[in-house]
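Beneath this line is the structure, given in structure tokens, with notes to follow.
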Amino acid sequence: MSTTDGGPWWRSAVIYQVYPRSFADGNGDGVGDIGGIRTHLGHLRELGVDAIWMSPWYPSPMADGGYDVADFRDIDPVFGTLAEAETLIEEAHAAGIRMIVDIVPNHISSEHPWFKAALADPAAPERELFWFRPGRGENGDQMPTDWRGEFDGTTWTRTPDGAWYLHLFTPEQPDLNWDHPAVRAEFESILRFWFDRGVDGIRIDSAALLLKDPTLPEVVADTPHPFQDLDGVHDVYRAWRRVSDSYAGDRALIGEVWMPEVERFANYLRPDELHAAFNFDLLGCAWDPTLMRESIDRTLHAHAAVGAPATWVLSNHDVTRHVTRYGREDTTFSFHNNLDGTPVDLELGTRRARAAALLSLSLPGATYIYQGEELGLWENEAIPEDQHQDPMWARRGHGRDGCRVPLPWSGDEPPFAFSTATPWLPQPPDWKGLTAQAQSGDPSSMLSLYRSAIALRRDELGLHDSAMAWIDLHPQVLAYCRGAAFACVLNLSDAPVALPDHESLLLASGPLDGDRIPPDTAVWLRMR
């Protein structure tokens, strides 16, 4: 276990995201499953992570990669059974690893019994659990609003009886009406269902979108947004906090909150709301020392104001893998800035990703690792058009499949022991040098770097201190100390810089140039 600050585990944990379709296939059908996760649990134990965050594994038509949930109290047969999930939770705990499951409260699947009942009968009481509205225009054939969805598509679909229903994502994901007490009671019951089965935390998808302005105003600049970050959403999470606090063992609520205003983001982390939330500020930041330092300062300041731990994320199942991002001329990330197909220097991106690992793993707070990040995987941008699965692809012309490609475990060609069948998404043949097996015996590999960094994070006393102080070494260098004797130095300049006075080198993201740190390289030092 690498938890460092002596407080509850979620304040400083290293948390590993498993996207179950792509982690490992245990039954040979080309799709990852619980059996595959159990088989490779040793990989996560050796990596040294504190917790697994499991992306949705519930029954789903898979219109949006499992985020269209038909039943939150069961497991999709493609992944296994509820009994297998309970066994995995037990086995993870035995390995010293906590379990976090993903809950999607903004919407459910169109195959959920509630929505099927609502669709079947205009008078059904279940209609009140969703956002059914009449259309505009003389014949009601115009959508109730002109809202744009999270995938840039329209947000209303008309039913055979003439009514329209709201979906901020796909038509197969109808939005729930969180003003209805039955919706709130149902999700509190779902939390208890999984806490009763021993899970240690709940990750909350699209946490800021639940409430809508019932008057359905249009989105107008400089006016309150009709469905993002409405103040009433905090009452939902205060109720959820009461549920989690009723269980022993530091159960945690962790929100996915995409929020440009750091202060509004921090509102979700007040002492009676969520325990933690994903901080995407650094993830989207350019590889630039001034901007990165500002991002880190902004994040730490906002979290300190509410007594919450910061979180650090470089990649996840929704964003371009950072080896690819950092190898581009434009190193930022935004859903609204499509950089697919722009030139990538994978050698440069890998070097920067190694340095970023030492940065994220030594900042105060919790660190999230997306599966395959520890192998140095890049985005697969060569998926044939007819093999794309992500609904975002059809709506935007680019999607998230490239970061969801199945992991390479061993061997010299696909499927790299992910499965005995053809994987559900194609793997690049060039990943043969990035398999877990190939990297395990190589002390210079990305996997070895992650293992060493996480072990040092656990053992190095300087990283047990929640404080951090900047060291001014060079305008193009990020350097900071943790505790009295630990420092991280990251050279973002285009020339080597001298190592500061120190007692010993603990870890380096790449080879040093004598007593100098090459560009795009980070070191951990024990200071005098």
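Every chain in the structure tokens has a letter given in the order shown (A, B, ...), and although residue numbers restart at 1 in each chain, ligands are simply numbered from 1 in the order shown.
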
> stretch 131-146 of chain A: which residues within 8 Å, counting only C-alpha atoms, same-chain residues fewer than 5 positions away excluded, as a PyMOL selection string?
Replying inline: chain A and resi 154-157+162-166+175-177+216-218

Using N, CA, C and O atoms, can you write the selected residues to a file as an mmCIF file, in the first residue's frame?
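Result file follows (again-v7.cif):
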```cif
data_model
loop_
_atom_site.group_PDB
_atom_site.id
_atom_site.type_symbol
_atom_site.label_atom_id
_atom_site.label_comp_id
_atom_site.auth_asym_id
_atom_site.auth_seq_id
_atom_site.Cartn_x
_atom_site.Cartn_y
_atom_site.Cartn_z
ATOM 1 N N THR A 154 -27.682 16.652 -30.861
ATOM 2 C CA THR A 154 -28.916 17.164 -30.286
ATOM 3 C C THR A 154 -29.225 16.421 -28.988
ATOM 4 O O THR A 154 -28.710 15.325 -28.749
ATOM 5 N N THR A 155 -30.077 17.003 -28.167
ATOM 6 C CA THR A 155 -30.314 16.445 -26.832
ATOM 7 C C THR A 155 -31.761 15.982 -26.612
ATOM 8 O O THR A 155 -32.115 15.631 -25.488
ATOM 9 N N TRP A 156 -32.574 15.987 -27.658
ATOM 10 C CA TRP A 156 -33.957 15.554 -27.499
ATOM 11 C C TRP A 156 -34.302 14.544 -28.588
ATOM 12 O O TRP A 156 -33.891 14.688 -29.744
ATOM 13 N N THR A 157 -35.087 13.532 -28.215
ATOM 14 C CA THR A 157 -35.604 12.557 -29.173
ATOM 15 C C THR A 157 -37.117 12.463 -29.014
ATOM 16 O O THR A 157 -37.633 12.415 -27.887
ATOM 17 N N GLY A 162 -45.463 11.522 -29.680
ATOM 18 C CA GLY A 162 -45.269 12.945 -29.933
ATOM 19 C C GLY A 162 -44.485 13.694 -28.891
ATOM 20 O O GLY A 162 -44.057 14.832 -29.136
ATOM 21 N N ALA A 163 -44.300 13.129 -27.723
ATOM 22 C CA ALA A 163 -43.502 13.786 -26.676
ATOM 23 C C ALA A 163 -42.018 13.681 -27.004
ATOM 24 O O ALA A 163 -41.592 12.838 -27.807
ATOM 25 N N TRP A 164 -41.245 14.515 -26.363
ATOM 26 C CA TRP A 164 -39.778 14.492 -26.512
ATOM 27 C C TRP A 164 -39.156 14.156 -25.157
ATOM 28 O O TRP A 164 -39.677 14.536 -24.118
ATOM 29 N N TYR A 165 -38.028 13.443 -25.171
ATOM 30 C CA TYR A 165 -37.303 13.187 -23.918
ATOM 31 C C TYR A 165 -35.861 13.668 -24.045
ATOM 32 O O TYR A 165 -35.263 13.663 -25.118
ATOM 33 N N LEU A 166 -35.321 14.097 -22.917
ATOM 34 C CA LEU A 166 -34.001 14.710 -22.854
ATOM 35 C C LEU A 166 -32.910 13.656 -22.689
ATOM 36 O O LEU A 166 -33.044 12.722 -21.894
ATOM 37 N N ASP A 175 -31.907 11.133 -19.688
ATOM 38 C CA ASP A 175 -31.559 11.789 -18.426
ATOM 39 C C ASP A 175 -32.642 11.558 -17.380
ATOM 40 O O ASP A 175 -33.839 11.624 -17.676
ATOM 41 N N LEU A 176 -32.202 11.328 -16.159
ATOM 42 C CA LEU A 176 -33.120 11.171 -15.037
ATOM 43 C C LEU A 176 -33.529 12.527 -14.470
ATOM 44 O O LEU A 176 -32.775 13.507 -14.555
ATOM 45 N N ASN A 177 -34.693 12.566 -13.874
ATOM 46 C CA ASN A 177 -35.213 13.779 -13.232
ATOM 47 C C ASN A 177 -34.852 13.726 -11.749
ATOM 48 O O ASN A 177 -35.545 13.097 -10.944
ATOM 49 N N LEU A 216 -36.322 25.111 -18.459
ATOM 50 C CA LEU A 216 -35.636 24.784 -19.713
ATOM 51 C C LEU A 216 -35.227 26.020 -20.521
ATOM 52 O O LEU A 216 -35.534 26.142 -21.718
ATOM 53 N N PRO A 217 -34.497 26.946 -19.912
ATOM 54 C CA PRO A 217 -34.024 28.093 -20.684
ATOM 55 C C PRO A 217 -32.898 27.682 -21.638
ATOM 56 O O PRO A 217 -32.248 26.653 -21.440
ATOM 57 N N GLU A 218 -32.683 28.477 -22.656
ATOM 58 C CA GLU A 218 -31.571 28.189 -23.552
ATOM 59 C C GLU A 218 -30.245 28.538 -22.871
ATOM 60 O O GLU A 218 -30.206 29.290 -21.886
#
```

>> Residues of stretch 59-270 of chain A classed as strand (DSSP E or B) by DSSP on the backbone are to be reported as a ChimeraX atom specification.
In response: /A:98-103,107,130,132-133,136,142,148,154,156-158,164-166,175-176,201-204,252-255

Create the file for the chosen residues now, containing C-alpha atoms and written as a CSV table (one decimal), in the first residue's frame.
```csv
chain,number,residue,atom,x,y,z
A,98,ARG,CA,-9.3,-1.4,-2.3
A,99,MET,CA,-12.1,-1.4,-4.8
A,100,ILE,CA,-14.0,1.6,-6.3
A,101,VAL,CA,-17.0,1.1,-8.5
A,102,ASP,CA,-18.4,3.5,-11.1
A,103,ILE,CA,-21.9,5.0,-10.7
A,107,HIS,CA,-28.8,9.0,-17.0
A,130,PHE,CA,-37.3,11.5,-16.8
A,132,PHE,CA,-40.5,14.2,-21.1
A,133,ARG,CA,-41.7,17.5,-22.6
A,136,ARG,CA,-42.2,23.6,-29.7
A,142,GLN,CA,-39.5,21.2,-32.8
A,148,ARG,CA,-26.2,20.8,-27.5
A,154,THR,CA,-28.9,17.2,-30.3
A,156,TRP,CA,-34.0,15.6,-27.5
A,157,THR,CA,-35.6,12.6,-29.2
A,158,ARG,CA,-39.3,12.4,-30.1
A,164,TRP,CA,-39.8,14.5,-26.5
A,165,TYR,CA,-37.3,13.2,-23.9
A,166,LEU,CA,-34.0,14.7,-22.9
A,175,ASP,CA,-31.6,11.8,-18.4
A,176,LEU,CA,-33.1,11.2,-15.0
A,201,GLY,CA,-15.5,3.9,-2.8
A,202,ILE,CA,-17.9,5.2,-5.5
A,203,ARG,CA,-16.7,7.1,-8.5
A,204,ILE,CA,-19.5,9.4,-9.8
A,252,ALA,CA,-15.1,7.4,-0.3
A,253,LEU,CA,-17.2,9.4,-2.8
A,254,ILE,CA,-15.1,10.6,-5.8
A,255,GLY,CA,-16.6,12.8,-8.4
```

>> So that I can check the surroundings of A:His301, please list as a PyMOL selection string every protein, DNA and RNA residue that reaches within 10 Å of it, counting only C-alpha atoms and ignoring chain neighbours fewer than 3 positions away.
In response: chain A and resi 262-263+266+295-298+304-307+310

Per residue of stretch 227-308 of chain A within 12 Å of stretch 206-210 of chain A, which atom pair is closest and at what distance in Å (one decimal), using only C-alpha atoms, listed by chain and increasing number, as CSV?
```
residue,atom,partner,partner_atom,distance
A:Phe227,CA,A:Leu209,CA,5.8
A:Gln228,CA,A:Leu209,CA,5.0
A:Asp229,CA,A:Ala208,CA,4.8
A:Leu230,CA,A:Ala208,CA,7.5
A:Asp231,CA,A:Ala208,CA,9.4
A:Gly232,CA,A:Leu210,CA,9.1
A:Val233,CA,A:Leu210,CA,6.6
A:His234,CA,A:Ala208,CA,9.0
A:Asp235,CA,A:Leu210,CA,11.1
A:Val236,CA,A:Leu210,CA,8.9
A:Tyr237,CA,A:Ala207,CA,9.2
A:Leu253,CA,A:Ala207,CA,10.7
A:Ile254,CA,A:Ala207,CA,9.2
A:Gly255,CA,A:Ala207,CA,5.8
A:Glu256,CA,A:Ser206,CA,5.5
A:Val257,CA,A:Ala207,CA,5.6
A:Trp258,CA,A:Ala208,CA,7.7
A:Met259,CA,A:Ala208,CA,8.4
A:Pro260,CA,A:Ala208,CA,12.0
A:Arg264,CA,A:Ala208,CA,10.2
A:Phe265,CA,A:Ala208,CA,9.2
A:Ala266,CA,A:Ala208,CA,11.9
A:Asn267,CA,A:Ala208,CA,10.8
A:Tyr268,CA,A:Ala208,CA,8.8
A:Leu269,CA,A:Ala207,CA,11.9
A:Glu273,CA,A:Ala207,CA,11.8
A:Leu274,CA,A:Ala207,CA,10.1
A:Ala276,CA,A:Ala207,CA,11.8
A:Ala277,CA,A:Ala207,CA,9.3
A:Phe278,CA,A:Ala207,CA,10.5
```

Could you save the residues just selected, with N, CA and C atoms, as a PDB file, in the first residue's frame?
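Saved as result36.pdb:
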```
ATOM      1  N   PHE A 227     -28.100  23.355 -17.140  1.00  0.00           N
ATOM      2  CA  PHE A 227     -27.923  21.964 -16.696  1.00  0.00           C
ATOM      3  C   PHE A 227     -26.523  21.632 -16.201  1.00  0.00           C
ATOM      4  N   GLN A 228     -25.656  22.583 -16.096  1.00  0.00           N
ATOM      5  CA  GLN A 228     -24.318  22.329 -15.576  1.00  0.00           C
ATOM      6  C   GLN A 228     -24.122  23.037 -14.232  1.00  0.00           C
ATOM      7  N   ASP A 229     -23.773  22.257 -13.221  1.00  0.00           N
ATOM      8  CA  ASP A 229     -23.366  22.821 -11.936  1.00  0.00           C
ATOM      9  C   ASP A 229     -24.450  23.667 -11.282  1.00  0.00           C
ATOM     10  N   LEU A 230     -25.695  23.191 -11.301  1.00  0.00           N
ATOM     11  CA  LEU A 230     -26.756  23.898 -10.570  1.00  0.00           C
ATOM     12  C   LEU A 230     -26.553  23.705  -9.069  1.00  0.00           C
ATOM     13  N   ASP A 231     -26.856  24.722  -8.306  1.00  0.00           N
ATOM     14  CA  ASP A 231     -26.566  24.687  -6.873  1.00  0.00           C
ATOM     15  C   ASP A 231     -27.245  23.519  -6.162  1.00  0.00           C
ATOM     16  N   GLY A 232     -28.418  23.123  -6.615  1.00  0.00           N
ATOM     17  CA  GLY A 232     -29.142  22.054  -5.937  1.00  0.00           C
ATOM     18  C   GLY A 232     -28.469  20.710  -5.984  1.00  0.00           C
ATOM     19  N   VAL A 233     -27.484  20.531  -6.876  1.00  0.00           N
ATOM     20  CA  VAL A 233     -26.812  19.235  -6.963  1.00  0.00           C
ATOM     21  C   VAL A 233     -26.059  18.921  -5.673  1.00  0.00           C
ATOM     22  N   HIS A 234     -25.688  19.942  -4.944  1.00  0.00           N
ATOM     23  CA  HIS A 234     -24.929  19.711  -3.708  1.00  0.00           C
ATOM     24  C   HIS A 234     -25.787  19.034  -2.642  1.00  0.00           C
ATOM     25  N   ASP A 235     -27.090  19.244  -2.680  1.00  0.00           N
ATOM     26  CA  ASP A 235     -27.966  18.529  -1.741  1.00  0.00           C
ATOM     27  C   ASP A 235     -27.937  17.024  -2.003  1.00  0.00           C
ATOM     28  N   VAL A 236     -27.812  16.646  -3.270  1.00  0.00           N
ATOM     29  CA  VAL A 236     -27.706  15.218  -3.612  1.00  0.00           C
ATOM     30  C   VAL A 236     -26.476  14.616  -2.949  1.00  0.00           C
ATOM     31  N   TYR A 237     -25.356  15.294  -3.081  1.00  0.00           N
ATOM     32  CA  TYR A 237     -24.117  14.715  -2.559  1.00  0.00           C
ATOM     33  C   TYR A 237     -24.018  14.818  -1.038  1.00  0.00           C
ATOM     34  N   LEU A 253     -16.421   8.907  -1.665  1.00  0.00           N
ATOM     35  CA  LEU A 253     -17.166   9.355  -2.838  1.00  0.00           C
ATOM     36  C   LEU A 253     -16.236  10.241  -3.655  1.00  0.00           C
ATOM     37  N   ILE A 254     -16.051   9.875  -4.929  1.00  0.00           N
ATOM     38  CA  ILE A 254     -15.064  10.551  -5.776  1.00  0.00           C
ATOM     39  C   ILE A 254     -15.765  11.012  -7.052  1.00  0.00           C
ATOM     40  N   GLY A 255     -15.818  12.299  -7.282  1.00  0.00           N
ATOM     41  CA  GLY A 255     -16.603  12.838  -8.381  1.00  0.00           C
ATOM     42  C   GLY A 255     -15.799  13.108  -9.638  1.00  0.00           C
ATOM     43  N   GLU A 256     -16.433  12.860 -10.788  1.00  0.00           N
ATOM     44  CA  GLU A 256     -15.917  13.360 -12.056  1.00  0.00           C
ATOM     45  C   GLU A 256     -16.562  14.724 -12.278  1.00  0.00           C
ATOM     46  N   VAL A 257     -15.775  15.762 -12.091  1.00  0.00           N
ATOM     47  CA  VAL A 257     -16.305  17.127 -12.153  1.00  0.00           C
ATOM     48  C   VAL A 257     -15.448  17.928 -13.132  1.00  0.00           C
ATOM     49  N   TRP A 258     -15.939  18.073 -14.350  1.00  0.00           N
ATOM     50  CA  TRP A 258     -15.255  18.928 -15.327  1.00  0.00           C
ATOM     51  C   TRP A 258     -15.749  20.357 -15.100  1.00  0.00           C
ATOM     52  N   MET A 259     -14.881  21.219 -14.577  1.00  0.00           N
ATOM     53  CA  MET A 259     -15.321  22.553 -14.179  1.00  0.00           C
ATOM     54  C   MET A 259     -14.191  23.547 -14.460  1.00  0.00           C
ATOM     55  N   PRO A 260     -14.395  24.514 -15.361  1.00  0.00           N
ATOM     56  CA  PRO A 260     -13.308  25.458 -15.638  1.00  0.00           C
ATOM     57  C   PRO A 260     -12.975  26.359 -14.454  1.00  0.00           C
ATOM     58  N   ARG A 264     -15.585  26.824  -8.185  1.00  0.00           N
ATOM     59  CA  ARG A 264     -16.833  26.053  -8.290  1.00  0.00           C
ATOM     60  C   ARG A 264     -16.536  24.562  -8.134  1.00  0.00           C
ATOM     61  N   PHE A 265     -15.438  24.122  -8.690  1.00  0.00           N
ATOM     62  CA  PHE A 265     -15.002  22.732  -8.533  1.00  0.00           C
ATOM     63  C   PHE A 265     -14.855  22.385  -7.055  1.00  0.00           C
ATOM     64  N   ALA A 266     -14.230  23.261  -6.302  1.00  0.00           N
ATOM     65  CA  ALA A 266     -13.963  22.994  -4.892  1.00  0.00           C
ATOM     66  C   ALA A 266     -15.240  22.904  -4.065  1.00  0.00           C
ATOM     67  N   ASN A 267     -16.340  23.495  -4.548  1.00  0.00           N
ATOM     68  CA  ASN A 267     -17.597  23.409  -3.804  1.00  0.00           C
ATOM     69  C   ASN A 267     -18.049  21.964  -3.612  1.00  0.00           C
ATOM     70  N   TYR A 268     -17.692  21.095  -4.529  1.00  0.00           N
ATOM     71  CA  TYR A 268     -18.085  19.687  -4.428  1.00  0.00           C
ATOM     72  C   TYR A 268     -17.304  18.951  -3.329  1.00  0.00           C
ATOM     73  N   LEU A 269     -16.264  19.593  -2.815  1.00  0.00           N
ATOM     74  CA  LEU A 269     -15.372  18.944  -1.863  1.00  0.00           C
ATOM     75  C   LEU A 269     -15.508  19.499  -0.450  1.00  0.00           C
ATOM     76  N   GLU A 273     -19.738  16.947   1.648  1.00  0.00           N
ATOM     77  CA  GLU A 273     -20.078  16.484   0.299  1.00  0.00           C
ATOM     78  C   GLU A 273     -19.106  15.388  -0.143  1.00  0.00           C
ATOM     79  N   LEU A 274     -18.521  15.502  -1.302  1.00  0.00           N
ATOM     80  CA  LEU A 274     -17.646  14.452  -1.811  1.00  0.00           C
ATOM     81  C   LEU A 274     -16.305  14.463  -1.084  1.00  0.00           C
ATOM     82  N   ALA A 276     -13.442  13.444  -2.587  1.00  0.00           N
ATOM     83  CA  ALA A 276     -12.418  13.829  -3.560  1.00  0.00           C
ATOM     84  C   ALA A 276     -13.084  13.971  -4.920  1.00  0.00           C
ATOM     85  N   ALA A 277     -12.370  14.590  -5.843  1.00  0.00           N
ATOM     86  CA  ALA A 277     -12.866  14.725  -7.214  1.00  0.00           C
ATOM     87  C   ALA A 277     -11.675  14.753  -8.160  1.00  0.00           C
ATOM     88  N   PHE A 278     -11.913  14.285  -9.362  1.00  0.00           N
ATOM     89  CA  PHE A 278     -10.849  14.292 -10.359  1.00  0.00           C
ATOM     90  C   PHE A 278     -10.497  15.730 -10.733  1.00  0.00           C
TER      91      PHE A 278
END
```

> Which polymer residues have any atom within 8 Å of an atom of stretch 486-501 of chain A, counting only C-alpha atoms, with same-chain residues fewer than 5 positions away left out, as a PyMOL selection string?
Replying inline: chain A and resi 287-289+355+358-359+362+460+462-463+473+476-481+513+515-528

Can you pull out every residue within 9 Å of A:Thr320, counting only C-alpha atoms, but drop anything in the same chain fewer than 2 positions away, and send it as a compact mmCIF listing (two decimals) with all heavy atoms, in the first residue's frame?
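Below is the file that was written, out_14.txt:
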```
# COMPACT_ATOMS: atom_id res chain seq x y z
N SER A 315 -4.15 10.64 -17.68
CA SER A 315 -4.96 10.02 -18.74
C SER A 315 -6.15 9.32 -18.12
O SER A 315 -6.16 9.02 -16.92
CB SER A 315 -4.13 9.01 -19.54
OG SER A 315 -3.21 9.62 -20.41
N ASN A 316 -7.16 9.04 -18.94
CA ASN A 316 -8.25 8.14 -18.54
C ASN A 316 -8.93 7.62 -19.80
O ASN A 316 -8.43 7.83 -20.91
CB ASN A 316 -9.24 8.84 -17.58
CG ASN A 316 -9.97 10.02 -18.19
OD1 ASN A 316 -10.23 10.06 -19.39
ND2 ASN A 316 -10.33 10.99 -17.36
N HIS A 317 -10.07 6.97 -19.64
CA HIS A 317 -10.73 6.31 -20.75
C HIS A 317 -11.42 7.27 -21.71
O HIS A 317 -11.98 6.84 -22.73
CB HIS A 317 -11.78 5.32 -20.21
CG HIS A 317 -12.91 5.99 -19.50
ND1 HIS A 317 -12.76 6.62 -18.28
CD2 HIS A 317 -14.21 6.16 -19.83
CE1 HIS A 317 -13.91 7.15 -17.90
NE2 HIS A 317 -14.81 6.89 -18.83
N ASP A 318 -11.40 8.56 -21.43
CA ASP A 318 -12.06 9.55 -22.27
C ASP A 318 -11.10 10.45 -23.04
O ASP A 318 -11.54 11.21 -23.90
CB ASP A 318 -12.96 10.45 -21.41
CG ASP A 318 -14.28 9.78 -21.02
OD1 ASP A 318 -14.74 8.89 -21.76
OD2 ASP A 318 -14.83 10.15 -19.98
N HIS A 322 -1.44 10.27 -22.84
CA HIS A 322 -0.52 11.39 -22.74
C HIS A 322 0.82 11.15 -23.43
O HIS A 322 1.52 12.12 -23.75
CB HIS A 322 -0.33 11.84 -21.28
CG HIS A 322 0.18 10.81 -20.34
ND1 HIS A 322 -0.62 9.86 -19.77
CD2 HIS A 322 1.43 10.58 -19.85
CE1 HIS A 322 0.10 9.10 -18.96
NE2 HIS A 322 1.34 9.51 -18.99
N VAL A 323 1.21 9.93 -23.71
CA VAL A 323 2.40 9.71 -24.54
C VAL A 323 2.19 10.39 -25.89
O VAL A 323 3.10 11.03 -26.43
CB VAL A 323 2.68 8.20 -24.71
CG1 VAL A 323 3.69 7.97 -25.83
CG2 VAL A 323 3.22 7.61 -23.41
N THR A 324 0.99 10.25 -26.44
CA THR A 324 0.67 10.89 -27.73
C THR A 324 0.53 12.39 -27.57
O THR A 324 1.08 13.17 -28.37
CB THR A 324 -0.62 10.27 -28.30
OG1 THR A 324 -0.39 8.89 -28.59
CG2 THR A 324 -1.05 10.99 -29.57
N ARG A 325 -0.18 12.85 -26.55
CA ARG A 325 -0.36 14.30 -26.35
C ARG A 325 0.98 15.01 -26.23
O ARG A 325 1.20 16.06 -26.84
CB ARG A 325 -1.21 14.58 -25.10
CG ARG A 325 -2.60 14.04 -25.12
CD ARG A 325 -3.49 14.76 -24.11
NE ARG A 325 -2.91 14.97 -22.81
CZ ARG A 325 -3.01 14.12 -21.77
NH1 ARG A 325 -3.65 12.98 -21.92
NH2 ARG A 325 -2.47 14.43 -20.61
N PHE A 333 -4.94 19.30 -24.05
CA PHE A 333 -6.08 18.44 -24.37
C PHE A 333 -7.37 19.19 -24.12
O PHE A 333 -7.53 19.87 -23.10
CB PHE A 333 -6.12 17.16 -23.52
CG PHE A 333 -7.36 16.35 -23.79
CD1 PHE A 333 -7.44 15.53 -24.89
CD2 PHE A 333 -8.48 16.48 -22.97
CE1 PHE A 333 -8.60 14.83 -25.18
CE2 PHE A 333 -9.65 15.79 -23.25
CZ PHE A 333 -9.71 14.96 -24.36
N ASP A 340 -6.55 14.70 -33.56
CA ASP A 340 -6.33 13.39 -34.14
C ASP A 340 -5.61 13.52 -35.49
O ASP A 340 -5.98 14.34 -36.33
CB ASP A 340 -7.66 12.66 -34.38
CG ASP A 340 -8.34 12.25 -33.08
OD1 ASP A 340 -7.76 12.52 -32.02
OD2 ASP A 340 -9.44 11.67 -33.15
N TRP A 378 0.74 4.31 -26.25
CA TRP A 378 0.30 5.52 -26.94
C TRP A 378 -1.10 5.31 -27.50
O TRP A 378 -1.64 4.20 -27.52
CB TRP A 378 1.28 5.89 -28.05
CG TRP A 378 1.46 4.85 -29.13
CD1 TRP A 378 0.63 4.58 -30.19
CD2 TRP A 378 2.56 3.91 -29.26
NE1 TRP A 378 1.14 3.57 -30.97
CE2 TRP A 378 2.32 3.14 -30.43
CE3 TRP A 378 3.73 3.68 -28.52
CZ2 TRP A 378 3.20 2.15 -30.87
CZ3 TRP A 378 4.59 2.68 -28.96
CH2 TRP A 378 4.33 1.93 -30.10
N GLU A 379 -1.70 6.38 -27.96
CA GLU A 379 -3.02 6.34 -28.57
C GLU A 379 -2.96 5.58 -29.90
O GLU A 379 -2.07 5.84 -30.73
CB GLU A 379 -3.51 7.77 -28.83
CG GLU A 379 -4.95 7.89 -29.26
CD GLU A 379 -5.91 7.97 -28.09
OE1 GLU A 379 -5.44 7.85 -26.94
OE2 GLU A 379 -7.11 8.18 -28.32
N ARG A 400 -13.00 8.13 -28.68
CA ARG A 400 -12.17 7.72 -27.54
C ARG A 400 -11.67 6.28 -27.65
O ARG A 400 -11.06 5.77 -26.73
CB ARG A 400 -12.99 7.90 -26.26
CG ARG A 400 -13.47 9.33 -26.03
CD ARG A 400 -14.61 9.42 -25.04
NE ARG A 400 -15.80 8.75 -25.55
CZ ARG A 400 -16.95 8.67 -24.88
NH1 ARG A 400 -17.06 9.24 -23.70
NH2 ARG A 400 -17.98 8.04 -25.40
N GLY A 402 -9.27 5.07 -29.32
CA GLY A 402 -7.81 4.94 -29.37
C GLY A 402 -7.15 4.77 -28.02
O GLY A 402 -6.06 4.20 -27.93
N CYS A 403 -7.80 5.26 -26.94
CA CYS A 403 -7.23 5.10 -25.60
C CYS A 403 -7.83 3.89 -24.89
O CYS A 403 -7.45 3.59 -23.75
CB CYS A 403 -7.45 6.36 -24.75
SG CYS A 403 -9.17 6.72 -24.34
```

> Quick one: DSSP alpha helix (DSSP H) residues in stretch 397-516 of chain A, as a ChimeraX atom specification?
Replying inline: /A:436-440,446-459

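Those residues that approach A:His40 to within 10 Å, counting only C-alpha atoms, are Phe23, Ala24, Gly26, Ile34, Gly35, Gly36, Leu44, Arg45 and Trp409 of chain A; same-chain residues fewer than 4 positions away are not listed.
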
> Pick the closest to A:Pro56 from A:Pro226, A:Pro105, A:Gly96, A:Pro113: which is it, counting only C-alpha atoms?
Replying inline: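 For A:Pro56, the nearest of the given residues is A:Pro105.
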
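Interatomic distance, atom CA of A:Thr87 against atom CA of A:Ser60: 21.3 Å.
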
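Rounded to one decimal, atom CA of A:Phe169 and atom CA of A:Trp147 lie 11.3 Å from each other.
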
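Coordinates place atom CA of A:Leu361 at a distance of 7.3 Å from atom CA of A:Ile454.
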
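Using only C-alpha atoms for every distance, the candidate list A:Pro343, A:Pro415, A:Gly327, A:Gly249 yields A:Pro415 as the residue closest to A:Gln427.
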
>> Could you check the closest approach to A:Thr367 for each of A:Asp29, A:Asp459, A:Glu111, A:Asp50 and tell me which residue wins, using only C-alpha atoms?
In response: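 Smallest separation from A:Thr367 among the options: A:Asp50.
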